[in-house]
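Engineer: See data.cif below, with mmCIF, C-alpha atoms.
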```cif
data_entry
#
loop_
_atom_site.label_atom_id
_atom_site.label_comp_id
_atom_site.auth_asym_id
_atom_site.auth_seq_id
_atom_site.Cartn_x
_atom_site.Cartn_y
_atom_site.Cartn_z
CA MET Z 3 36.04 121.50 74.60
CA TRP Z 4 37.16 117.88 74.39
CA TRP Z 5 40.80 118.98 74.34
CA LEU Z 6 40.46 120.25 77.92
CA LEU Z 7 40.39 116.60 78.99
CA LEU Z 8 43.90 116.15 77.58
CA LEU Z 9 45.32 119.12 79.44
CA PRO Z 10 46.24 117.36 82.74
CA SER Z 11 48.14 114.63 80.93
CA LEU Z 12 50.01 117.21 78.85
CA LEU Z 13 50.95 119.11 81.98
CA PHE Z 14 52.15 115.90 83.62
CA ALA Z 15 54.31 115.04 80.63
CA ASP Z 16 55.86 118.48 80.78
CA THR Z 17 56.79 118.31 84.48
CA ASN Z 18 58.14 114.82 83.96
CA SER Z 19 60.63 116.02 81.43
CA THR Z 20 61.67 119.23 83.19
CA ASP Z 21 61.98 117.76 86.71
CA GLU Z 22 64.65 115.30 85.75
CA ARG Z 23 68.22 115.99 84.92
CA VAL Z 24 70.95 113.60 83.87
CA VAL Z 25 73.93 114.49 86.07
CA GLY Z 26 76.29 112.39 83.97
CA THR Z 27 77.51 108.95 83.09
CA PHE Z 28 79.63 107.25 85.73
CA TYR Z 29 81.29 103.85 85.94
CA PHE Z 30 80.71 101.10 88.46
CA ASN Z 31 83.84 100.32 90.53
CA PRO Z 32 83.51 97.03 92.48
CA MET Z 33 83.78 93.64 90.82
CA PHE Z 34 80.01 93.08 91.01
CA GLY Z 35 77.08 94.97 92.44
CA HIS Z 36 73.37 95.64 92.33
CA VAL Z 37 70.99 98.35 91.28
CA HIS Z 38 68.77 98.48 94.37
CA GLN Z 39 65.05 98.96 94.56
CA SER Z 40 65.49 101.41 97.45
CA ALA Z 41 68.41 103.26 99.00
CA ILE Z 42 69.20 100.58 101.61
CA ARG Z 43 72.09 98.09 101.48
CA THR Z 44 69.81 95.10 101.96
CA SER Z 45 67.04 96.18 99.59
CA ALA Z 46 66.07 93.93 96.68
CA SER Z 47 68.19 93.88 93.57
CA LEU Z 48 66.70 95.08 90.29
CA THR Z 49 69.67 93.92 88.27
CA THR Z 50 73.27 92.80 88.81
CA ILE Z 51 76.03 94.81 87.14
CA GLN Z 52 79.76 94.34 86.95
CA CYS Z 53 82.83 96.53 87.18
CA SER Z 54 83.13 99.28 84.55
CA HIS Z 55 79.43 99.19 83.65
CA PRO Z 56 78.27 102.69 82.65
CA VAL Z 57 75.60 104.14 84.94
CA LYS Z 58 73.47 107.24 84.27
CA VAL Z 59 73.04 109.31 87.43
CA ILE Z 60 69.74 111.15 87.51
CA GLU Z 61 68.59 114.05 89.64
CA SER Z 62 64.87 114.25 90.14
CA SER Z 63 62.79 116.48 92.38
CA LYS Z 64 60.44 113.54 92.90
CA ILE Z 65 63.15 111.27 94.34
CA SER Z 66 64.88 112.28 97.53
CA VAL Z 67 68.02 110.28 98.29
CA SER Z 68 70.49 110.44 101.17
CA LYS Z 69 73.99 111.76 100.49
CA GLU Z 70 75.48 108.29 100.23
CA TRP Z 71 73.20 107.06 97.46
CA ALA Z 72 72.68 107.97 93.82
CA TYR Z 73 69.48 107.56 91.81
CA VAL Z 74 70.53 105.83 88.61
CA GLN Z 75 69.38 104.35 85.35
CA VAL Z 76 70.97 101.18 84.02
CA ALA Z 77 69.42 99.91 80.79
CA ASP Z 78 65.67 99.89 81.53
CA TYR Z 79 66.09 99.79 85.29
CA ARG Z 80 65.91 102.79 87.59
CA GLY Z 81 67.15 102.32 91.13
CA PHE Z 82 69.84 103.18 93.65
CA ILE Z 83 73.60 102.62 93.94
CA ARG Z 84 75.99 103.74 96.69
CA LYS Z 85 77.94 106.79 95.48
CA GLU Z 86 81.26 105.37 96.71
CA PHE Z 87 80.88 102.67 94.02
CA LEU Z 88 80.79 105.17 91.15
CA SER Z 89 83.68 106.90 89.44
CA VAL Z 90 84.03 109.42 86.65
CA LYS Z 91 86.81 107.49 84.93
CA ARG Z 92 86.48 103.93 83.68
CA PRO Z 93 88.13 101.80 86.40
CA GLU Z 94 90.67 99.05 85.90
CA CYS Z 95 88.70 95.93 86.76
CA PHE Z 96 90.04 92.57 87.91
CA GLN Z 97 87.97 90.69 85.33
CA GLY Z 98 89.18 93.08 82.62
CA LYS Z 99 92.81 92.83 83.65
CA TYR Z 100 92.84 89.04 83.89
CA PRO Z 101 90.00 87.92 81.59
CA ARG Z 102 91.25 84.38 80.86
CA PHE Z 103 92.01 83.63 84.51
CA PHE Z 104 88.68 85.06 85.65
CA ASP Z 105 86.66 83.22 82.96
CA ALA Z 106 88.17 79.92 84.12
CA PHE Z 107 86.09 80.14 87.35
CA ASN Z 108 82.90 80.10 85.34
CA LEU Z 109 80.95 81.81 88.12
CA ASP Z 110 77.27 80.94 88.21
CA LEU Z 111 74.40 83.41 88.64
CA SER Z 112 74.05 82.84 92.37
CA GLU Z 113 77.78 83.52 92.88
CA LEU Z 114 77.53 86.75 90.86
CA TYR Z 115 74.50 87.75 92.93
CA TYR Z 116 76.28 87.08 96.23
CA TRP Z 117 79.43 88.86 95.07
CA GLY Z 118 77.33 91.97 94.48
CA ARG Z 119 75.63 91.59 97.86
CA LEU Z 120 79.03 91.17 99.56
CA ASN Z 121 80.21 94.52 98.25
CA ASP Z 122 77.04 96.09 99.63
CA GLN Z 123 77.53 94.50 103.05
CA PHE Z 124 81.17 95.45 103.52
CA ILE Z 125 81.68 98.38 105.86
CA GLN Z 126 84.65 100.05 104.22
CA GLY Z 127 87.04 102.52 105.73
CA GLU Z 128 90.55 103.92 105.65
CA THR Z 129 92.58 105.66 108.29
CA ARG Z 130 93.69 109.14 107.40
CA VAL Z 131 97.04 110.19 105.99
CA LYS Z 132 99.48 111.23 108.74
CA MET M 29 100.38 120.62 0.21
CA LYS M 30 103.46 118.45 0.67
CA MET M 31 104.18 120.10 3.99
CA LEU M 32 100.65 119.54 5.18
CA ALA M 33 100.81 115.85 4.27
CA LEU M 34 104.13 115.42 6.12
CA PHE M 35 102.74 117.16 9.21
CA SER M 36 99.65 114.97 9.34
CA CYS M 37 101.84 111.91 8.87
CA LEU M 38 104.01 112.88 11.85
CA ILE M 39 100.98 113.43 14.07
CA SER M 40 99.48 110.04 13.21
CA LEU M 41 102.88 108.38 13.87
CA SER M 42 103.17 109.92 17.29
CA VAL M 43 99.59 108.88 18.14
CA TYR M 44 100.42 105.33 17.03
CA SER M 45 103.60 105.20 19.08
CA GLN M 46 101.67 106.32 22.16
CA SER M 47 99.03 103.65 21.77
CA GLU M 48 101.82 101.10 21.56
CA LYS M 49 102.59 101.47 25.35
CA LEU M 50 101.41 98.57 27.41
CA GLN M 51 98.84 99.10 30.08
CA GLU M 52 101.31 97.82 32.72
CA GLU M 53 103.88 100.32 31.56
CA LYS M 54 101.41 103.08 31.99
CA GLU M 55 100.55 101.83 35.44
CA LEU M 56 104.22 101.62 36.33
CA GLU M 57 104.62 105.22 35.31
CA VAL M 58 101.85 106.12 37.66
CA VAL M 59 103.25 103.94 40.45
CA ASN M 60 106.87 104.86 39.88
CA PHE M 61 107.47 107.68 42.30
CA ASN M 62 111.03 108.21 41.10
CA SER M 63 109.89 110.82 38.69
CA ILE M 64 108.39 112.86 41.54
CA LYS M 65 110.78 111.74 44.29
CA LYS M 66 112.31 115.15 44.66
CA ILE M 67 108.92 116.75 45.02
CA LEU M 68 107.93 114.17 47.63
CA MET M 69 111.17 114.74 49.53
CA GLN M 70 110.57 118.44 49.53
CA ASP M 71 107.05 117.93 50.85
CA GLY M 72 108.35 115.62 53.59
CA LEU M 73 105.92 112.92 52.52
CA SER M 74 108.49 110.11 52.57
CA GLU M 75 109.38 111.04 56.14
CA ALA M 76 105.71 110.95 57.05
CA ALA M 77 105.49 107.48 55.51
CA LYS M 78 108.46 106.34 57.63
CA LYS M 79 106.87 107.77 60.76
CA LYS M 80 103.63 105.99 59.94
CA GLU M 81 105.52 102.73 59.54
CA LYS M 82 107.15 103.21 62.96
CA GLN M 83 103.78 103.97 64.53
CA VAL M 84 102.34 100.79 63.08
CA GLN M 85 105.25 98.81 64.52
CA ILE M 86 104.76 100.37 67.97
CA LEU M 87 101.02 99.68 67.83
CA LYS M 88 101.67 96.08 66.84
CA LYS M 89 104.04 95.67 69.80
CA GLU M 90 101.47 97.19 72.18
CA GLN M 91 98.79 94.91 70.78
CA ALA M 92 101.01 91.88 71.37
CA LYS M 93 101.67 93.11 74.93
CA VAL M 94 97.94 93.47 75.63
CA GLU M 95 97.30 90.03 74.19
CA THR M 96 100.03 88.54 76.41
CA GLY M 97 98.55 90.40 79.40
CA ARG M 98 95.24 88.66 78.88
CA TYR M 99 96.96 85.40 79.78
CA MET M 100 98.56 86.59 83.02
CA TYR M 101 97.91 85.26 86.49
CA PRO M 102 97.18 88.04 89.01
CA SER M 103 99.85 89.20 91.44
CA GLU M 104 100.04 87.58 94.89
CA ASP M 105 98.23 90.51 96.56
CA GLU M 106 95.46 90.38 93.98
CA ILE M 107 95.10 86.62 94.41
CA TRP M 108 94.74 87.02 98.19
CA GLY M 109 92.04 89.65 97.71
CA PHE M 110 90.20 87.57 95.13
CA THR M 111 90.40 84.36 97.17
CA THR M 112 89.18 86.04 100.36
CA GLU M 113 86.09 87.39 98.61
CA TYR M 114 85.53 84.11 96.76
CA TRP M 115 85.70 82.22 100.07
CA LEU M 116 83.09 84.57 101.54
CA ILE M 117 80.85 84.00 98.49
CA LYS M 118 81.26 80.22 98.73
CA ASN M 119 80.36 80.34 102.42
CA ALA M 120 77.60 82.96 102.18
CA GLN M 121 74.83 80.74 103.53
CA LEU M 122 76.94 79.27 106.30
CA LEU M 123 78.21 82.64 107.51
CA ASP M 124 74.92 84.45 106.88
CA TRP M 125 76.36 87.88 106.21
CA ASP M 126 73.56 89.08 103.91
CA PHE M 127 71.18 90.43 106.54
CA GLU M 128 69.80 93.73 107.76
CA LYS M 129 71.57 95.20 110.75
CA PRO M 130 71.68 98.50 112.56
CA ASP M 131 74.56 100.89 112.02
CA TYR M 132 76.79 100.15 115.01
CA GLY M 133 79.22 102.90 114.02
CA ILE M 134 82.06 100.36 114.19
CA ASP M 135 83.90 101.83 111.20
CA LYS M 136 84.27 105.24 112.85
CA SER M 137 85.22 103.75 116.20
CA PHE M 138 87.79 101.38 114.65
CA ARG M 139 89.25 104.14 112.45
CA THR M 140 89.66 106.42 115.48
CA LEU M 141 91.35 103.65 117.50
CA MET M 142 93.76 102.86 114.67
CA GLN M 143 94.64 106.51 114.19
CA ASP M 144 95.09 107.05 117.94
CA LEU M 145 97.57 104.19 117.92
CA GLY M 146 99.46 105.62 114.93
CA PHE M 147 98.18 103.42 112.10
CA TYR M 148 97.73 105.70 109.11
CA GLN M 149 96.61 105.06 105.53
CA LYS M 150 95.32 101.60 106.37
CA LYS M 151 92.40 100.31 104.34
CA PHE M 152 89.92 97.94 105.97
CA LYS M 153 86.64 96.20 105.25
CA ILE M 154 84.46 94.97 108.09
CA LEU M 155 81.89 92.24 107.55
CA LEU M 156 79.29 91.48 110.21
CA VAL M 157 78.01 87.92 110.15
CA ASN M 158 74.75 86.76 111.63
CA SER M 159 76.15 83.43 112.72
CA PRO M 160 77.80 81.94 115.79
CA ASN M 161 79.73 79.56 113.48
CA ILE M 162 82.51 82.09 113.21
CA VAL M 163 83.27 84.55 115.99
CA ARG M 164 86.02 86.55 114.37
CA ALA M 165 88.61 86.42 111.59
CA ALA M 166 91.03 88.66 109.75
CA LEU M 167 91.58 87.79 106.11
CA PRO M 168 94.03 89.26 103.62
CA GLY M 169 92.64 91.57 100.95
CA ASN M 170 94.26 93.33 98.05
CA GLN M 171 96.30 95.92 99.99
CA GLU M 172 93.66 95.95 102.71
CA VAL M 173 92.42 93.83 105.57
CA VAL M 174 89.04 92.10 105.72
CA LEU M 175 87.76 91.81 109.30
CA ILE M 176 84.88 89.52 110.20
CA ILE M 177 82.96 89.61 113.46
CA SER M 178 79.84 87.79 114.64
CA VAL M 179 76.77 89.84 115.59
CA PRO M 180 75.33 87.10 117.87
CA PHE M 181 78.67 87.15 119.74
CA ILE M 182 78.57 90.96 120.00
CA ARG M 183 75.00 90.84 121.33
CA MET M 184 75.50 87.99 123.79
CA MET M 185 78.69 89.54 125.13
CA ASP M 186 77.05 92.97 125.10
CA LEU M 187 80.19 94.48 123.63
CA SER M 188 80.69 98.23 123.41
CA LYS M 189 82.01 99.96 120.26
CA LEU M 190 85.42 100.29 121.88
CA GLU M 191 85.51 96.59 122.83
CA ILE M 192 84.55 95.57 119.27
CA SER M 193 87.25 97.87 117.92
CA LEU M 194 89.83 96.34 120.27
CA MET M 195 88.90 92.85 119.06
CA LEU M 196 89.21 94.02 115.45
CA PHE M 197 92.57 95.61 116.22
CA GLU M 198 93.84 92.36 117.73
CA ASP M 199 92.74 90.57 114.53
CA PHE M 200 94.45 93.24 112.45
CA LEU M 201 97.73 92.65 114.30
CA ARG M 202 97.41 88.87 113.99
CA LEU M 203 97.06 89.19 110.22
CA ASP M 204 99.89 91.71 110.12
CA LEU M 205 102.17 89.19 111.84
CA GLY M 206 101.59 86.94 108.83
CA TYR M 207 100.27 83.86 110.64
CA PHE M 208 97.24 83.45 108.40
CA LYS M 209 99.14 83.71 105.13
CA LYS M 210 101.89 81.40 106.39
CA SER M 211 99.36 78.76 107.35
CA VAL M 212 97.21 79.00 104.23
CA ALA M 213 99.68 79.74 101.39
CA THR M 214 100.87 76.99 99.07
CA GLU M 215 104.05 76.61 97.02
CA LYS M 216 101.99 76.75 93.87
CA LEU M 217 100.64 80.18 94.77
CA THR M 218 104.07 81.79 95.00
CA LYS M 219 105.19 79.97 91.86
CA ILE M 220 102.20 80.85 89.73
CA ALA M 221 101.38 84.43 90.89
CA GLY M 222 102.18 87.05 88.26
CA SER M 223 103.26 84.47 85.65
CA ASN M 224 101.94 83.95 82.13
CA PHE M 225 100.03 80.96 80.75
CA GLN M 226 99.74 81.90 77.08
CA GLY M 227 99.22 78.82 74.97
CA ALA M 228 97.85 76.80 77.88
CA LYS M 229 94.70 76.56 79.97
CA PRO M 230 94.75 78.60 83.19
CA ASP M 231 95.36 76.42 86.21
CA ILE M 232 92.93 77.49 88.95
CA SER M 233 93.47 74.43 91.13
CA PHE M 234 95.71 76.50 93.41
CA VAL M 235 92.76 78.79 94.27
CA GLU M 236 90.64 75.75 95.12
CA GLU M 237 93.47 74.55 97.35
CA LEU M 238 93.62 77.96 99.02
CA LEU M 239 89.87 77.91 99.63
CA LYS M 240 90.20 74.57 101.43
CA ASN M 241 93.08 75.92 103.51
CA TYR M 242 91.01 79.01 104.39
CA SER M 243 88.19 76.83 105.75
CA SER M 244 90.58 74.62 107.66
CA GLN M 245 92.46 77.57 109.20
CA ILE M 246 89.31 79.49 110.15
CA ASN M 247 87.16 76.60 111.38
CA GLU M 248 89.62 73.96 112.64
CA LYS M 249 93.29 74.90 112.98
CA GLY M 250 93.14 78.36 114.47
CA TYR M 251 96.25 79.76 116.17
CA SER M 252 98.86 78.31 118.51
CA PHE M 253 99.61 79.43 122.08
CA GLN M 254 102.89 80.86 120.87
CA GLN M 255 101.16 82.91 118.16
CA MET M 256 98.52 84.14 120.62
CA PHE M 257 101.29 85.09 123.06
CA GLU M 258 103.04 87.15 120.36
CA VAL M 259 99.79 88.92 119.47
CA THR M 260 98.95 89.64 123.12
CA LYS M 261 102.43 91.07 123.73
CA LYS M 262 102.05 93.28 120.65
CA MET M 263 98.70 94.51 121.92
CA ASP M 264 100.32 95.19 125.28
CA ALA M 265 103.09 97.21 123.63
CA TYR M 266 100.71 99.31 121.51
CA LEU M 267 98.16 99.97 124.25
CA LYS M 268 100.59 100.61 127.12
CA SER M 269 100.98 104.26 126.21
CA ASN M 270 97.23 104.71 126.61
CA PRO M 271 96.17 103.29 130.03
CA GLU M 272 92.48 103.80 129.26
CA LEU M 273 92.73 101.56 126.19
CA TRP M 274 94.98 99.05 127.96
CA ASN M 275 92.51 98.70 130.83
CA ALA M 276 89.59 98.34 128.39
CA TYR M 277 91.48 95.52 126.61
CA PHE M 278 92.39 93.81 129.86
CA ARG M 279 88.76 93.98 131.06
CA LEU M 280 87.57 92.69 127.65
CA LEU M 281 89.77 89.60 127.93
CA GLY M 282 88.43 88.89 131.42
CA LYS M 283 84.87 89.35 130.18
CA MET M 284 85.50 86.96 127.29
CA ASP M 285 87.09 84.39 129.57
CA ARG M 286 84.07 84.35 131.90
CA PHE M 287 81.59 84.30 128.97
CA LEU M 288 83.31 81.49 127.06
CA LYS M 289 83.60 79.28 130.13
CA THR M 290 79.85 79.34 130.63
CA ASN M 291 78.58 79.42 127.04
CA ILE M 292 78.57 76.16 125.10
CA GLN M 293 77.56 77.81 121.83
CA PHE M 294 81.05 79.27 121.46
CA LYS M 295 83.05 76.37 122.91
CA GLU M 296 85.16 76.09 119.74
CA TYR M 297 86.53 79.59 120.23
CA ILE M 298 89.08 78.61 122.87
CA LYS M 299 90.52 75.93 120.57
CA LEU M 300 90.93 78.44 117.74
CA TYR M 301 92.19 81.38 119.81
CA PRO M 302 93.86 79.98 122.95
CA SER M 303 92.89 81.50 125.18
CA PRO M 304 91.48 84.60 126.91
CA GLU M 305 92.39 83.09 130.26
CA MET M 306 96.04 82.77 129.21
CA GLN M 307 96.00 86.22 127.64
CA VAL M 308 94.90 87.71 130.96
CA LYS M 309 97.79 85.87 132.67
CA TRP M 310 100.31 87.07 130.09
CA LEU M 311 99.18 90.64 130.57
CA SER M 312 98.99 90.51 134.36
CA PRO M 313 102.02 91.85 136.23
CA ASP M 314 104.20 89.16 137.81
CA GLU M 315 103.26 88.35 141.38
CA LYS M 316 106.15 88.99 143.67
CA VAL M 317 106.71 86.40 146.38
CA LEU M 318 107.88 88.04 149.56
#
```
Can the structure in the file be given as structure tokens, please?
Structural biologist:
Amino acid sequence: MWWLLLLPSLLFADTNSTDERVVGTFYFNPMFGHVHQSAIRTSASLTTIQCSHPVKVIESSKISVSKEWAYVQVADYRGFIRKEFLSVKRPECFQGKYPRFFDAFNLDLSELYYWGRLNDQFIQGETRVK
Amino acid sequence: MKMLALFSCLISLSVYSQSEKLQEEKELEVVNFNSIKKILMQDGLSEAAKKKEKQVQILKKEQAKVETGRYMYPSEDEIWGFTTEYWLIKNAQLLDWDFEKPDYGIDKSFRTLMQDLGFYQKKFKILLVNSPNIVRAALPGNQEVVLIISVPFIRMMDLSKLEISLMLFEDFLRLDLGYFKKSVATEKLTKIAGSNFQGAKPDISFVEELLKNYSSQINEKGYSFQQMFEVTKKMDAYLKSNPELWNAYFRLLGKMDRFLKTNIQFKEYIKLYPSPEMQVKWLSPDEKVL
């Protein structure tokens, strides 16, 4: 009968694996950005990523996210990124296009952090095509 | 018996003559394709080899191109976009833009206003700052405009969405007239943009110079009366066809004039954007003396 004690944990493991689905791998678009702890622009950053970084988008019945946000995994971190920052194709990044010029600025960690925050704080828009 | 002896002698002679061939000669036979040239030609293998050689040459050229590209300075548009964002990063603490704020719905309101006035396919970024140090600014982006507006100013003036959008539109026109770029740009920027620095260290001093000019233009120099007059007349021309918008703009300028005259916190504004009082006068119809 001792094996009955293991049953709940086995059941949990099973739901854990079936509830989640990897939607696909996408690429991060802006120059720098953050994987957020929650789906709010000002929420804490779990990690800073840069343009063209691959991001795994996950769908999980346990996580409900608004339309504008995606639940993602980046390395060991799981958090949230605005969907408008993700693209299917690898983007052409400023730092990739002009690596020597960009490296010359030798940006420090606080500048990278703020650059990511800036992209989160921008309210972006475009007027429609005539 | 004689015949058998002669036959064995001939065989041993031929074996000896074969073993006389040098190793190199043997290798040459293997390497020398002449003997099978016709077969190779028929198979099209020599053509394939030529094609391969051409492909290698093309790849080498592409590789050299990519390598040269790594040492390019960005285009002028890209430099403006990069410098604007870099200036905002450098001034993050002073401007205090990393804060939680409610969704004012400014993007929708501004987009609608722009479209109503016939501005299509225009990209914009709006940044709300939690500081009275800067009331407003329009900065050049990479094929877009970056509009900055102060939340304390919005709150103290109790501005509506339409009024905020009208302020942003005025900033958009000011940038479009090229005053900011003219005041901030340096000779070095136009000289260096899009050029190559292979074999040398990249010179980023021109960006540092631009950053200084940004600060000076935004915080000290501002705009002249003449420039403000041009902007106001442009606003007048665009809004005239829509009396509701024109009246809202006219009322906004009056509201700003009254607010700025009584509020010391924003006393610098009039020096940078001279002045709402004059703008009201420029927009007012001429008084006829009877």
Engineer: Compare Z:Thr49, Z:Gln75, Z:Gln39, Z:Thr129 by their minimum atom-to-atom distance to Gly26 in chain Z, counting only C-alpha atoms, and give me the closest one.
Structural biologist: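 Using only C-alpha atoms, Gly26 in chain Z sits closest to Z:Gln75.
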Engineer: Quick one, how far is CA of Asn247 in chain M from CA of Arg183 in chain M?
Structural biologist: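 For CA of Asn247 in chain M relative to CA of Arg183 in chain M, the distance reads 21.2 Å.
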Engineer: Run the PyMOL selection byres ((chain M) within 9 of (chain Z)) against the file shown and list the residues it catches, as a PyMOL selection string.
Structural biologist: chain M and resi 97-102+106+110+113-114+116-118+120+125-129+134-136+139-140+142-143+146-156+174+229-232
Engineer: Pull out every residue that the PyMOL selection byres ((chain Z and resi 87) around 6) matches in the shown coordinates and put them as a list of chain:residue names.
Structural biologist: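 Those residues are Z:Phe30, Z:Asn31, Z:Arg84, Z:Lys85, Z:Glu86, Z:Leu88.
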Engineer: Quick one: which residues end up in the PyMOL selection byres ((chain M and resi 179) around 8) for this structure, as a ChimeraX atom specification?
Structural biologist: /M:156-160,177-178,180-183
Engineer: Is it possible to get the axis-aligned box enclosing range 98-114 of chain M (all listed atoms, 8 Å extra per side) as lines of an AutoDock Vina configuration file, with centre and edge lengths in Å rounded to one decimal?
Structural biologist:
```
center_x = 92.8
center_y = 87.3
center_z = 89.6
size_x = 30.5
size_y = 22.4
size_z = 37.5
```
Engineer: Neighbours of Glu258 in chain M within 12 Å (only C-alpha atoms; same-chain residues fewer than 6 positions away dropped), as a list in words?
Structural biologist: Glu198, Leu201, Arg202, Leu203, Asp204, Leu205, Gly206, Tyr207, Tyr251, Ser252, Asp264, Ala265, Pro302, Gln307, Trp310 and Leu311 of chain M
Engineer: May I ask for the distance between CA of Phe287 in chain M and CA of Asn119 in chain M, given in Å to one decimal place?
Structural biologist: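 Computed distance, CA of Phe287 in chain M to CA of Asn119 in chain M, equals 26.9 Å.
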Engineer: Report, in Å to a single decimal, how far apart CA of Lys91 in chain Z and CA of Ser54 in chain Z are.
Structural biologist: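 We find that CA of Ser54 in chain Z and CA of Lys91 in chain Z lie 9.0 Å from each other.
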Engineer: Determine, counting all atoms listed in the file, which protein, DNA and RNA residues have an atom within 12 Å of an atom of Met263 in chain M; residues of the same chain fewer than 3 positions away are not included. Present the result as a PyMOL selection string.
Structural biologist: chain M and resi 145+194-202+205+256-260+266-270+273-278+281+307-308+310-311
